[in-house]
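Okay, final08.cif now, which holds mmCIF, C-alpha atoms and all ligand atoms:
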```cif
data_target
#
loop_
_atom_site.label_atom_id
_atom_site.label_comp_id
_atom_site.auth_asym_id
_atom_site.auth_seq_id
_atom_site.Cartn_x
_atom_site.Cartn_y
_atom_site.Cartn_z
CA MET A 192 24.24 234.09 74.24
CA PRO A 193 21.94 231.53 72.53
CA ARG A 194 19.75 229.46 74.85
CA PRO A 195 20.77 225.85 75.65
CA LEU A 196 19.35 223.06 73.49
CA ASN A 197 17.55 220.34 75.41
CA TYR A 198 18.55 216.87 74.22
CA LEU A 199 16.68 213.91 75.66
CA THR A 200 17.46 210.28 74.94
CA THR A 201 15.24 207.35 75.86
CA LEU A 202 18.06 204.95 74.91
CA ASP A 203 20.23 203.13 77.38
CA LEU A 204 23.36 205.04 76.32
CA ASP A 205 26.13 204.84 78.89
CA ASP A 206 27.39 207.75 81.00
CA ALA A 207 30.75 207.95 79.22
CA TRP A 208 29.07 208.36 75.81
CA LEU A 209 26.64 211.01 77.11
CA ASP A 210 29.43 212.85 78.96
CA GLU A 211 31.49 212.96 75.77
CA LEU A 212 28.50 214.34 73.85
CA ALA A 213 27.91 217.02 76.50
CA ARG A 214 31.63 217.89 76.64
CA THR A 215 31.94 218.34 72.88
CA CYS A 216 28.56 220.06 72.38
CA PRO A 217 28.58 222.73 75.09
CA ARG A 218 25.18 224.17 74.12
CA LEU A 219 23.51 220.81 74.67
CA GLU A 220 21.71 220.06 77.95
CA VAL A 221 21.92 216.26 77.92
CA ARG A 222 19.27 214.18 79.68
CA ARG A 223 18.67 210.41 79.66
CA VAL A 224 15.17 209.12 80.48
CA PRO A 225 15.15 205.38 79.71
CA VAL A 226 11.40 204.86 79.22
CA ARG A 227 9.42 202.58 76.91
CA SER A 228 6.44 204.84 76.16
CA ALA A 229 5.76 208.54 75.62
CA ASP A 230 3.24 208.56 78.52
CA GLU A 231 6.09 208.01 80.96
CA ILE A 232 7.42 211.49 80.15
CA THR A 233 5.42 214.43 81.51
CA ASP A 234 3.96 217.13 79.25
CA THR A 235 6.19 219.65 81.04
CA VAL A 236 9.31 217.75 80.02
CA TRP A 237 8.08 217.18 76.44
CA ALA A 238 7.40 220.91 76.12
CA GLU A 239 11.09 221.70 76.78
CA ILE A 240 12.72 219.20 74.43
CA ASP A 241 14.53 220.40 71.26
CA VAL A 242 16.24 217.13 70.27
CA LEU A 243 14.98 213.58 70.89
CA HIS A 244 17.21 210.52 70.47
CA THR A 245 15.09 207.40 70.58
CA HIS A 246 14.07 204.09 69.11
CA ASP A 247 10.28 204.43 69.14
CA VAL A 248 9.21 206.81 71.92
CA PHE A 249 7.59 209.76 70.15
CA PRO A 250 5.42 212.57 71.54
CA ARG A 251 2.33 213.84 69.75
CA PRO A 252 3.45 216.87 67.72
CA ASP A 253 1.33 219.24 69.88
CA GLN A 254 2.98 217.91 73.07
CA ALA A 255 6.47 218.97 71.99
CA PRO A 256 6.24 222.39 70.33
CA ARG A 257 10.01 222.99 70.54
CA LEU A 258 11.00 219.62 69.13
CA GLY A 259 12.96 220.20 65.91
CA TRP A 260 14.84 216.96 65.40
CA ILE A 261 14.52 213.26 66.21
CA GLN A 262 17.59 211.03 65.88
CA LEU A 263 16.58 207.37 65.52
CA ASP A 264 18.73 204.43 66.58
CA THR A 265 17.75 202.52 63.42
CA SER A 266 18.58 202.73 59.72
CA GLY A 267 14.94 202.18 58.82
CA VAL A 268 11.97 204.40 59.64
CA GLU A 269 9.20 201.87 59.00
CA HIS A 270 8.19 201.93 62.67
CA VAL A 271 7.56 205.71 62.50
CA LEU A 272 5.38 205.79 59.38
CA ASP A 273 2.10 205.33 61.27
CA HIS A 274 2.87 207.80 64.08
CA PRO A 275 1.55 211.40 63.81
CA ILE A 276 5.13 212.67 64.20
CA TRP A 277 5.89 211.33 60.68
CA SER A 278 3.38 213.81 59.23
CA SER A 279 4.83 216.74 61.20
CA ASP A 280 7.72 218.92 60.08
CA VAL A 281 10.09 217.61 62.79
CA ALA A 282 13.31 216.46 61.07
CA ILE A 283 13.89 212.71 61.49
CA THR A 284 17.39 211.32 61.01
CA THR A 285 18.51 207.71 60.85
CA LEU A 286 21.59 205.64 61.69
CA GLY A 287 22.16 204.88 58.00
CA GLY A 288 25.81 204.58 57.00
CA ILE A 289 27.06 203.14 60.29
CA ALA A 290 26.45 199.47 59.50
CA PRO A 291 27.28 198.97 55.79
CA VAL A 292 30.85 197.70 56.29
CA PRO A 293 30.02 194.96 58.84
CA MET A 294 26.75 194.30 56.99
CA SER A 295 28.59 193.70 53.76
CA GLU A 296 30.94 191.28 55.52
CA PHE A 297 27.93 189.48 57.00
CA THR A 298 26.19 189.35 53.62
CA VAL A 299 29.22 187.94 51.83
CA MET A 300 29.82 185.47 54.65
CA SER A 301 26.19 184.30 54.21
CA LEU A 302 26.49 184.08 50.42
CA LEU A 303 29.68 182.03 50.64
CA ALA A 304 28.21 179.82 53.39
CA LEU A 305 25.27 179.03 51.09
CA ALA A 306 27.54 178.38 48.12
CA HIS A 307 29.52 175.96 50.30
CA HIS A 308 26.35 174.17 51.52
CA GLN A 309 26.59 175.26 55.16
CA PRO A 310 22.94 174.24 55.87
CA LEU A 311 23.74 170.66 54.76
CA LEU A 312 27.09 170.60 56.56
CA GLU A 313 25.35 171.63 59.80
CA ALA A 314 22.77 168.86 59.31
CA PHE A 315 25.53 166.26 58.92
CA ARG A 316 27.17 167.58 62.07
CA ARG A 317 23.93 167.56 64.08
CA SER A 318 23.31 163.95 63.05
CA ARG A 319 26.93 163.07 63.98
CA ARG A 320 27.43 161.54 60.56
CA TRP A 321 30.44 161.92 58.24
CA PRO A 322 29.15 162.12 54.65
CA THR A 323 30.02 159.30 52.29
CA ALA A 324 32.44 159.91 49.44
CA ALA A 325 29.49 160.03 47.03
CA GLU A 326 27.60 162.53 49.22
CA ARG A 327 30.68 164.72 49.42
CA LEU A 328 30.91 164.84 45.64
CA THR A 329 27.25 165.05 44.71
CA THR A 330 25.82 167.29 47.42
CA LEU A 331 28.79 169.15 48.93
CA THR A 332 30.75 170.34 45.90
CA PRO A 333 30.38 174.13 46.16
CA LEU A 334 28.15 176.16 43.88
CA PRO A 335 30.09 178.44 41.55
CA VAL A 336 30.50 182.00 42.81
CA ASP A 337 32.95 183.60 40.41
CA GLN A 338 31.50 184.37 36.99
CA THR A 339 27.96 184.26 38.42
CA THR A 340 25.49 187.15 38.73
CA ALA A 341 24.49 188.76 42.00
CA THR A 342 21.54 191.14 41.95
CA ILE A 343 21.33 193.57 44.85
CA VAL A 344 17.83 194.93 45.39
CA GLY A 345 18.38 198.31 47.07
CA PHE A 346 21.73 199.57 45.90
CA GLY A 347 22.35 202.12 48.66
CA ARG A 348 25.14 202.34 51.22
CA VAL A 349 24.83 198.65 52.15
CA GLY A 350 24.48 197.59 48.54
CA HIS A 351 27.62 199.53 47.54
CA GLU A 352 29.69 197.81 50.21
CA VAL A 353 28.37 194.40 49.27
CA ALA A 354 29.12 195.08 45.61
CA GLY A 355 32.75 195.95 46.36
CA LEU A 356 33.32 192.57 47.98
CA LEU A 357 31.32 190.57 45.43
CA THR A 358 33.22 192.13 42.57
CA ALA A 359 36.43 190.99 44.25
CA LEU A 360 34.95 187.47 44.26
CA GLY A 361 34.56 187.71 40.49
CA GLN A 362 30.81 188.16 40.36
CA GLN A 363 28.94 190.33 37.89
CA VAL A 364 26.87 192.65 40.10
CA VAL A 365 23.56 194.27 39.19
CA GLY A 366 22.27 196.99 41.56
CA LEU A 367 18.61 198.02 41.52
CA THR A 368 17.41 201.33 42.96
CA ARG A 369 14.20 203.34 43.11
CA ARG A 370 15.49 206.12 40.87
CA GLY A 371 17.69 203.99 38.64
CA VAL A 372 20.95 205.68 39.64
CA ALA A 373 23.63 204.79 42.19
CA ARG A 374 23.78 206.88 45.34
CA GLY A 375 27.36 207.96 46.04
CA PRO A 376 28.85 209.85 48.99
CA GLU A 377 26.72 212.97 49.56
CA PRO A 378 27.32 215.76 52.10
CA ASP A 379 23.91 215.18 53.73
CA LEU A 380 24.36 211.41 54.01
CA TYR A 381 26.52 209.63 56.59
CA PHE A 382 28.53 207.38 54.28
CA ASP A 383 31.34 205.16 55.51
CA THR A 384 32.90 204.48 52.13
CA GLY A 385 34.74 201.38 53.39
CA ARG A 386 35.59 199.16 50.44
CA SER A 387 32.70 200.06 48.16
CA HIS A 388 35.05 201.70 45.68
CA LEU A 389 36.53 198.28 44.88
CA GLY A 390 34.25 197.36 42.05
CA LEU A 391 31.74 200.10 41.57
CA SER A 392 32.74 200.87 38.01
CA SER A 393 31.71 197.40 36.88
CA VAL A 394 28.31 197.32 38.63
CA ARG A 395 25.31 197.60 36.33
CA VAL A 396 22.85 199.94 38.02
CA ALA A 397 19.22 200.05 36.91
CA GLY A 398 15.78 201.05 38.17
CA ILE A 399 13.63 198.60 40.11
CA GLU A 400 11.35 198.31 37.07
CA ARG A 401 14.11 196.07 35.64
CA LEU A 402 13.60 193.53 38.45
CA GLU A 403 11.50 191.09 36.42
CA ALA A 404 14.04 191.20 33.59
CA VAL A 405 17.13 190.54 35.71
CA LEU A 406 15.71 187.79 37.96
CA PRO A 407 16.02 184.97 35.39
CA ARG A 408 19.78 185.56 35.12
CA THR A 409 20.36 186.06 38.87
CA ASP A 410 22.32 183.35 40.71
CA PHE A 411 22.40 185.16 44.06
CA LEU A 412 19.64 187.59 45.04
CA ILE A 413 20.62 190.01 47.80
CA VAL A 414 17.88 192.02 49.44
CA ALA A 415 19.15 195.26 51.00
CA VAL A 416 16.29 197.66 50.39
CA PRO A 417 14.45 199.66 53.09
CA ARG A 418 10.93 198.52 53.93
CA THR A 419 8.59 201.22 52.66
CA PRO A 420 5.03 201.13 51.38
CA ALA A 421 6.58 200.56 47.91
CA THR A 422 8.88 197.67 48.89
CA ARG A 423 6.49 195.73 51.13
CA GLY A 424 5.96 192.42 49.29
CA LEU A 425 8.36 193.50 46.52
CA LEU A 426 9.68 189.93 46.27
CA GLY A 427 6.50 187.91 46.17
CA GLY A 428 5.70 184.51 44.69
CA ALA A 429 5.70 185.80 41.11
CA GLN A 430 9.15 187.39 41.47
CA LEU A 431 10.69 184.39 43.25
CA ALA A 432 9.32 182.15 40.50
CA ARG A 433 11.22 184.22 37.92
CA LEU A 434 14.57 183.71 39.66
CA LYS A 435 17.06 181.47 37.88
CA ASP A 436 16.48 177.83 38.80
CA GLY A 437 18.54 176.90 41.87
CA ALA A 438 19.38 180.50 42.82
CA CYS A 439 20.21 181.51 46.42
CA LEU A 440 18.73 184.41 48.37
CA VAL A 441 20.27 186.53 51.14
CA ASN A 442 17.95 188.91 52.99
CA VAL A 443 19.44 191.59 55.27
CA SER A 444 16.77 194.24 54.72
CA ARG A 445 13.57 194.01 56.77
CA GLY A 446 10.76 191.51 57.24
CA GLY A 447 7.84 192.12 54.89
CA VAL A 448 9.92 192.73 51.75
CA VAL A 449 10.20 189.03 50.83
CA ASP A 450 7.02 186.92 50.91
CA GLU A 451 7.95 184.27 53.49
CA ALA A 452 5.26 181.75 52.49
CA ALA A 453 6.33 181.92 48.85
CA LEU A 454 9.99 181.56 49.86
CA LEU A 455 9.25 178.53 52.05
CA SER A 456 7.49 176.86 49.15
CA ALA A 457 10.29 177.70 46.68
CA LEU A 458 12.84 176.23 49.11
CA ALA A 459 10.77 173.10 49.63
CA SER A 460 10.75 172.46 45.88
CA ARG A 461 14.45 173.52 45.63
CA ARG A 462 13.50 176.04 42.92
CA ILE A 463 15.43 178.28 45.29
CA ARG A 464 18.35 176.26 46.55
CA TYR A 465 19.19 178.06 49.78
CA ALA A 466 18.32 181.22 51.69
CA ALA A 467 20.15 183.14 54.42
CA LEU A 468 17.68 185.21 56.42
CA ASP A 469 18.59 187.82 59.01
CA VAL A 470 15.17 189.54 59.09
CA PHE A 471 11.64 188.20 59.43
CA ASP A 472 8.00 189.24 59.37
CA ASP A 473 7.76 188.38 63.08
CA GLU A 474 10.71 189.34 65.25
CA PRO A 475 11.69 187.83 67.59
CA LEU A 476 11.02 184.71 65.54
CA PRO A 477 8.26 182.78 67.40
CA ALA A 478 9.12 179.33 68.77
CA ASP A 479 6.67 177.71 66.33
CA SER A 480 8.07 179.45 63.24
CA PRO A 481 8.78 177.07 60.35
CA TRP A 482 12.12 178.82 59.78
CA TRP A 483 13.70 177.15 62.82
CA ASP A 484 13.50 173.78 61.05
CA GLU A 485 13.74 174.70 57.36
CA PRO A 486 16.70 172.58 56.22
CA HIS A 487 17.98 174.75 53.37
CA THR A 488 18.21 178.00 55.29
CA LEU A 489 20.62 179.88 57.51
CA VAL A 490 18.72 181.83 60.16
CA THR A 491 20.25 184.68 62.16
CA PRO A 492 18.54 186.96 64.72
CA HIS A 493 18.75 190.39 62.99
CA VAL A 494 22.46 190.82 63.67
CA ALA A 495 23.81 191.79 60.24
CA GLY A 496 23.87 195.48 61.17
CA LEU A 497 25.70 195.27 64.49
CA ALA A 498 28.70 197.55 64.11
CA PRO A 499 32.00 197.21 65.99
CA ARG A 500 32.66 200.99 65.97
CA TYR A 501 29.07 201.95 66.77
CA ARG A 502 29.79 204.25 69.75
CA GLU A 503 32.39 206.38 67.97
CA GLN A 504 30.40 206.58 64.74
CA LEU A 505 27.21 207.47 66.60
CA LEU A 506 29.03 210.24 68.41
CA GLU A 507 30.39 211.57 65.13
CA LEU A 508 26.95 211.47 63.50
CA VAL A 509 25.11 213.10 66.43
CA ARG A 510 27.80 215.77 66.89
CA THR A 511 27.69 216.63 63.21
CA ASN A 512 23.94 217.01 63.38
CA VAL A 513 24.04 219.05 66.59
CA ASP A 514 26.35 221.51 64.82
CA ARG A 515 24.08 221.63 61.79
CA PHE A 516 20.92 221.91 63.93
CA GLN A 517 22.40 224.85 65.87
CA ASP A 518 23.34 226.61 62.63
CA GLY A 519 20.04 225.88 60.90
CA ARG A 520 21.77 223.78 58.21
CA PRO A 521 20.23 220.61 56.70
CA LEU A 522 20.80 217.56 58.88
CA VAL A 523 22.74 214.47 57.80
CA ASN A 524 20.69 211.28 57.15
CA ARG A 525 17.35 213.06 57.07
CA ALA A 526 14.52 210.65 56.26
CA ASP A 527 12.69 211.52 53.05
CA ARG A 528 8.98 211.72 53.92
CA GLY A 529 8.02 211.26 50.24
CA ALA A 530 10.21 208.20 49.61
CA GLY A 531 9.26 206.68 52.98
CA TYR A 532 12.80 205.90 54.14
N1 LIG B 1 19.70 193.46 59.10
C1 LIG B 1 20.16 194.51 59.74
O1 LIG B 1 20.65 194.38 60.85
C2 LIG B 1 20.10 195.87 59.09
C3 LIG B 1 20.95 196.89 59.56
C4 LIG B 1 20.97 198.12 58.91
C5 LIG B 1 20.13 198.33 57.82
N2 LIG B 1 19.28 197.33 57.41
C6 LIG B 1 18.38 197.55 56.27
O2 LIG B 1 19.12 197.88 55.12
C7 LIG B 1 18.41 198.90 54.45
C8 LIG B 1 19.31 199.61 53.47
O3 LIG B 1 20.27 200.39 54.17
P1 LIG B 1 21.19 201.44 53.38
O4 LIG B 1 21.99 202.13 54.41
O5 LIG B 1 21.85 200.79 52.23
O6 LIG B 1 20.07 202.42 52.81
P2 LIG B 1 20.29 203.64 51.82
O7 LIG B 1 21.72 204.02 51.70
O8 LIG B 1 19.32 204.67 52.24
O9 LIG B 1 19.86 203.03 50.39
C9 LIG B 1 18.58 202.57 50.15
C10 LIG B 1 18.57 202.00 48.75
O10 LIG B 1 17.30 201.37 48.52
C11 LIG B 1 16.76 201.89 47.32
N3 LIG B 1 15.30 201.91 47.35
C12 LIG B 1 14.48 202.63 48.17
N4 LIG B 1 13.19 202.40 47.82
C13 LIG B 1 13.22 201.54 46.78
C14 LIG B 1 12.23 200.94 45.98
N5 LIG B 1 10.93 201.21 46.16
N6 LIG B 1 12.61 200.11 45.00
C15 LIG B 1 13.93 199.86 44.77
N7 LIG B 1 14.93 200.40 45.49
C16 LIG B 1 14.57 201.23 46.48
C17 LIG B 1 17.30 203.29 47.23
O11 LIG B 1 17.17 203.79 45.90
P3 LIG B 1 17.10 205.39 45.65
O12 LIG B 1 18.44 205.94 46.08
O13 LIG B 1 16.86 205.51 44.19
O14 LIG B 1 15.98 205.91 46.51
C18 LIG B 1 18.75 203.05 47.66
O15 LIG B 1 19.48 202.48 46.60
C19 LIG B 1 17.88 199.76 55.60
O16 LIG B 1 16.81 200.59 55.19
C20 LIG B 1 17.43 198.70 56.57
O17 LIG B 1 16.11 198.29 56.27
C21 LIG B 1 19.27 196.12 58.02
#
```
As structure tokens, the full file:
Amino acid sequence: MPRPLNYLTTLDLDDAWLDELARTCPRLEVRRVPVRSADEITDTVWAEIDVLHTHDVFPRPDQAPRLGWIQLDTSGVEHVLDHPIWSSDVAITTLGGIAPVPMSEFTVMSLLALAHHQPLLEAFRRSRRWPTAAERLTTLTPLPVDQTTATIVGFGRVGHEVAGLLTALGQQVVGLTRRGVARGPEPDLYFDTGRSHLGLSSVRVAGIERLEAVLPRTDFLIVAVPRTPATRGLLGGAQLARLKDGACLVNVSRGGVVDEAALLSALASRRIRYAALDVFDDEPLPADSPWWDEPHTLVTPHVAGLAPRYREQLLELVRTNVDRFQDGRPLVNRADRGAGY
């Protein structure tokens, strides 16, 4: 009889979810310890743990000799990169693949809201003023969407979903990746295929080295890349200056990928017409942030990835990985230490 596996979560997962996990994974001893820091868990407890499910509570590798797998509650791993556990051989898995469908809906909603001048419409509403007939025609006629080009920086699971919807809107989609190839459903990747099949055959996929070349013909720039040492500052002043005049930007990736000061200045000059931003360098956005008042921007509080079927999908993902962990098979959604995501 194999020994039980000790699973500890620091997340505020409810009893029903944990009971279901324990019921369907009989070898798992399930424990919830909702703490904020590793010091709040004793060395004796750390020494027993096989599986840790957490946001950012990590032991030192020597504290948890039995620890073989950490399941994160995020799609990104940028908050782990500086912790010693990142350099250990403990497998780290992400939530990737749970959010792409709602994220793609959010991204397309944002793109269409920009094309239909939502920032200006909100300003009219706040000032309780009905636009004049001339204002309606000159400033509120929508920007074209069909027959325009959308470039998706980071053409992974989110990018695929976004592309399916944008293709249906009649856009020409360019997807940029690190390796220059599209990433399709893979057995070791949680991949909710949703609607991504809709237009994939017409997407032009290229390596990120093509970024400078595609920016001048990009009408809508969509940022959906993980934040890694290689993507930090990827869209700086020089890149934003190469974008087609009057282009729009939608950022659902992570703060730090787009240079915020350069974007503010490009919006002020209207070189970039509008931006929809769900992620920021500083989160929560401080009260004195210029983004609260920037008139050509839609600002949302990092909500693009909230998923309506999160609990069921999380259970499916964790159960799959418990099975694989028990059998010594490769885990699904394992972060790639070399690629940094
Ligand atoms: N706003 C939110 O609420 C929210 C929610 C969930 C996720 N996110 C963000 O969305 C990101 C993408 O999620 P996903 O599930 O689509 O990730 P994914 O399936 O892992 O795909 C990542 C994509 O980014 C590309 N990439 C990685 N490094 C790159 C680089 N240096 N240059 C160019 N492309 C690069 C990858 O290319 P290769 O395949 O060639 O490596 C791949 O196409 C997450 O990492 C997270 O930061 C945000």
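With all atoms listed in the file as the atoms that count, the minimum distance from ligand LIG 1 (chain B) to the choices A:Val490, A:Leu202, A:Val443, A:Leu209 is reached by A:Val443.
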With a distance cut-off of 7 Å and only C-alpha atoms, select the neighbouring residues of Val448 of chain A, excluding the residue or stretch itself and same-chain residues fewer than 2 positions from it, and output the selection as a PyMOL selection string.
-> chain A and resi 418+422-426+445-446+450
Closest of A:Met294, A:Leu406, A:Val224, A:Leu356 to ligand LIG 1 (chain B), counting all atoms listed in the file, is A:Met294
Could you give me, as an mmCIF file with C-alpha atoms, keeping the file's coordinate frame, every polymer residue with an atom at most 7 Å away from an atom of ligand LIG 1 (chain B), counting all atoms listed in the file?
```
data_model
loop_
_atom_site.group_PDB
_atom_site.id
_atom_site.type_symbol
_atom_site.label_atom_id
_atom_site.label_comp_id
_atom_site.auth_asym_id
_atom_site.auth_seq_id
_atom_site.Cartn_x
_atom_site.Cartn_y
_atom_site.Cartn_z
ATOM 1 C CA SER A 266 18.580 202.730 59.720
ATOM 2 C CA GLY A 267 14.940 202.180 58.820
ATOM 3 C CA GLY A 287 22.160 204.880 58.000
ATOM 4 C CA GLY A 288 25.810 204.580 57.000
ATOM 5 C CA ALA A 290 26.450 199.470 59.500
ATOM 6 C CA PRO A 291 27.280 198.970 55.790
ATOM 7 C CA MET A 294 26.750 194.300 56.990
ATOM 8 C CA VAL A 344 17.830 194.930 45.390
ATOM 9 C CA GLY A 345 18.380 198.310 47.070
ATOM 10 C CA PHE A 346 21.730 199.570 45.900
ATOM 11 C CA GLY A 347 22.350 202.120 48.660
ATOM 12 C CA ARG A 348 25.140 202.340 51.220
ATOM 13 C CA VAL A 349 24.830 198.650 52.150
ATOM 14 C CA GLY A 350 24.480 197.590 48.540
ATOM 15 C CA LEU A 367 18.610 198.020 41.520
ATOM 16 C CA THR A 368 17.410 201.330 42.960
ATOM 17 C CA ARG A 369 14.200 203.340 43.110
ATOM 18 C CA ARG A 370 15.490 206.120 40.870
ATOM 19 C CA GLY A 371 17.690 203.990 38.640
ATOM 20 C CA VAL A 372 20.950 205.680 39.640
ATOM 21 C CA ALA A 373 23.630 204.790 42.190
ATOM 22 C CA ARG A 374 23.780 206.880 45.340
ATOM 23 C CA GLY A 398 15.780 201.050 38.170
ATOM 24 C CA ILE A 399 13.630 198.600 40.110
ATOM 25 C CA ALA A 415 19.150 195.260 51.000
ATOM 26 C CA VAL A 416 16.290 197.660 50.390
ATOM 27 C CA PRO A 417 14.450 199.660 53.090
ATOM 28 C CA ARG A 418 10.930 198.520 53.930
ATOM 29 C CA THR A 419 8.590 201.220 52.660
ATOM 30 C CA ALA A 421 6.580 200.560 47.910
ATOM 31 C CA THR A 422 8.880 197.670 48.890
ATOM 32 C CA VAL A 443 19.440 191.590 55.270
ATOM 33 C CA SER A 444 16.770 194.240 54.720
ATOM 34 C CA ARG A 445 13.570 194.010 56.770
ATOM 35 C CA ASP A 469 18.590 187.820 59.010
ATOM 36 C CA VAL A 470 15.170 189.540 59.090
ATOM 37 C CA HIS A 493 18.750 190.390 62.990
ATOM 38 C CA VAL A 494 22.460 190.820 63.670
ATOM 39 C CA ALA A 495 23.810 191.790 60.240
ATOM 40 C CA GLY A 496 23.870 195.480 61.170
ATOM 41 C CA LEU A 497 25.700 195.270 64.490
ATOM 42 C CA ALA A 530 10.210 208.200 49.610
ATOM 43 C CA TYR A 532 12.800 205.900 54.140
#
```
Take atom CA of His487 of chain A and atom CA of Ser295 of chain A and report the distance between them in Å, one decimal.
->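 Going from atom CA of His487 of chain A over to atom CA of Ser295 of chain A, I get 21.7 Å.
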Just want the 7 Å neighbourhood of Pro195 of chain A, counted on all atoms listed in the file, with same-chain residues fewer than 3 positions away dropped. Output as a PDB file with C-alpha atoms, in the coordinates of the input.
```pdb
ATOM      1  CA  ARG A 218      25.180 224.170  74.120  1.00  0.00           C
ATOM      2  CA  LEU A 219      23.510 220.810  74.670  1.00  0.00           C
ATOM      3  CA  GLU A 220      21.710 220.060  77.950  1.00  0.00           C
TER       4      GLU A 220
END
```
Nearest to Ala404 of chain A, restricted to all atoms listed in the file and choosing among A:Val353, A:Val365, A:Val271, A:Ala213, comes out as A:Val365
Atom CA of Tyr381 of chain A and atom CA of Gln504 of chain A, how far apart in Å?
->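 Distance reported for this atom pair: 9.5 Å.
Nearest residue to Gly375 of chain A, choosing from A:Arg528, A:Arg194, A:His351, A:Arg214 and counting all atoms listed in the file: A:His351.
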Could segment 386-391 of chain A be completed with all heavy atoms and returned as a short mmCIF file (atom, residue, chain, number, x, y, z; two decimals), in the coordinates of the input?
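Listed below is the output, out09.cif:
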```
data_model
loop_
_atom_site.label_atom_id
_atom_site.label_comp_id
_atom_site.auth_asym_id
_atom_site.auth_seq_id
_atom_site.Cartn_x
_atom_site.Cartn_y
_atom_site.Cartn_z
N ARG A 386 34.94 199.77 51.60
CA ARG A 386 35.59 199.16 50.44
C ARG A 386 34.72 199.24 49.19
O ARG A 386 34.96 198.53 48.22
CB ARG A 386 35.87 197.68 50.74
CG ARG A 386 36.89 197.52 51.86
CD ARG A 386 36.92 196.11 52.37
NE ARG A 386 35.73 195.82 53.12
CZ ARG A 386 35.70 195.14 54.27
NH1 ARG A 386 36.81 194.66 54.77
NH2 ARG A 386 34.57 194.90 54.89
N SER A 387 33.67 200.08 49.24
CA SER A 387 32.70 200.06 48.16
C SER A 387 33.30 200.50 46.83
O SER A 387 32.79 200.16 45.77
CB SER A 387 31.51 200.96 48.49
OG SER A 387 31.93 202.26 48.70
N HIS A 388 34.42 201.23 46.91
CA HIS A 388 35.05 201.70 45.68
C HIS A 388 35.64 200.54 44.87
O HIS A 388 35.92 200.69 43.70
CB HIS A 388 36.19 202.68 46.02
CG HIS A 388 37.24 202.05 46.89
ND1 HIS A 388 37.05 201.87 48.25
CD2 HIS A 388 38.43 201.51 46.59
CE1 HIS A 388 38.12 201.25 48.74
NE2 HIS A 388 38.97 201.03 47.76
N LEU A 389 35.79 199.37 45.52
CA LEU A 389 36.53 198.28 44.88
C LEU A 389 36.03 197.92 43.49
O LEU A 389 36.81 197.66 42.60
CB LEU A 389 36.49 197.02 45.77
CG LEU A 389 37.47 197.02 46.94
CD1 LEU A 389 37.30 195.80 47.81
CD2 LEU A 389 38.90 197.08 46.41
N GLY A 390 34.70 197.85 43.34
CA GLY A 390 34.25 197.36 42.05
C GLY A 390 33.12 198.16 41.44
O GLY A 390 32.44 197.69 40.52
N LEU A 391 32.93 199.38 41.98
CA LEU A 391 31.74 200.10 41.57
C LEU A 391 31.64 200.34 40.07
O LEU A 391 30.55 200.35 39.50
CB LEU A 391 31.67 201.44 42.30
CG LEU A 391 31.12 201.34 43.71
CD1 LEU A 391 30.88 202.70 44.29
CD2 LEU A 391 29.83 200.52 43.72
#
```
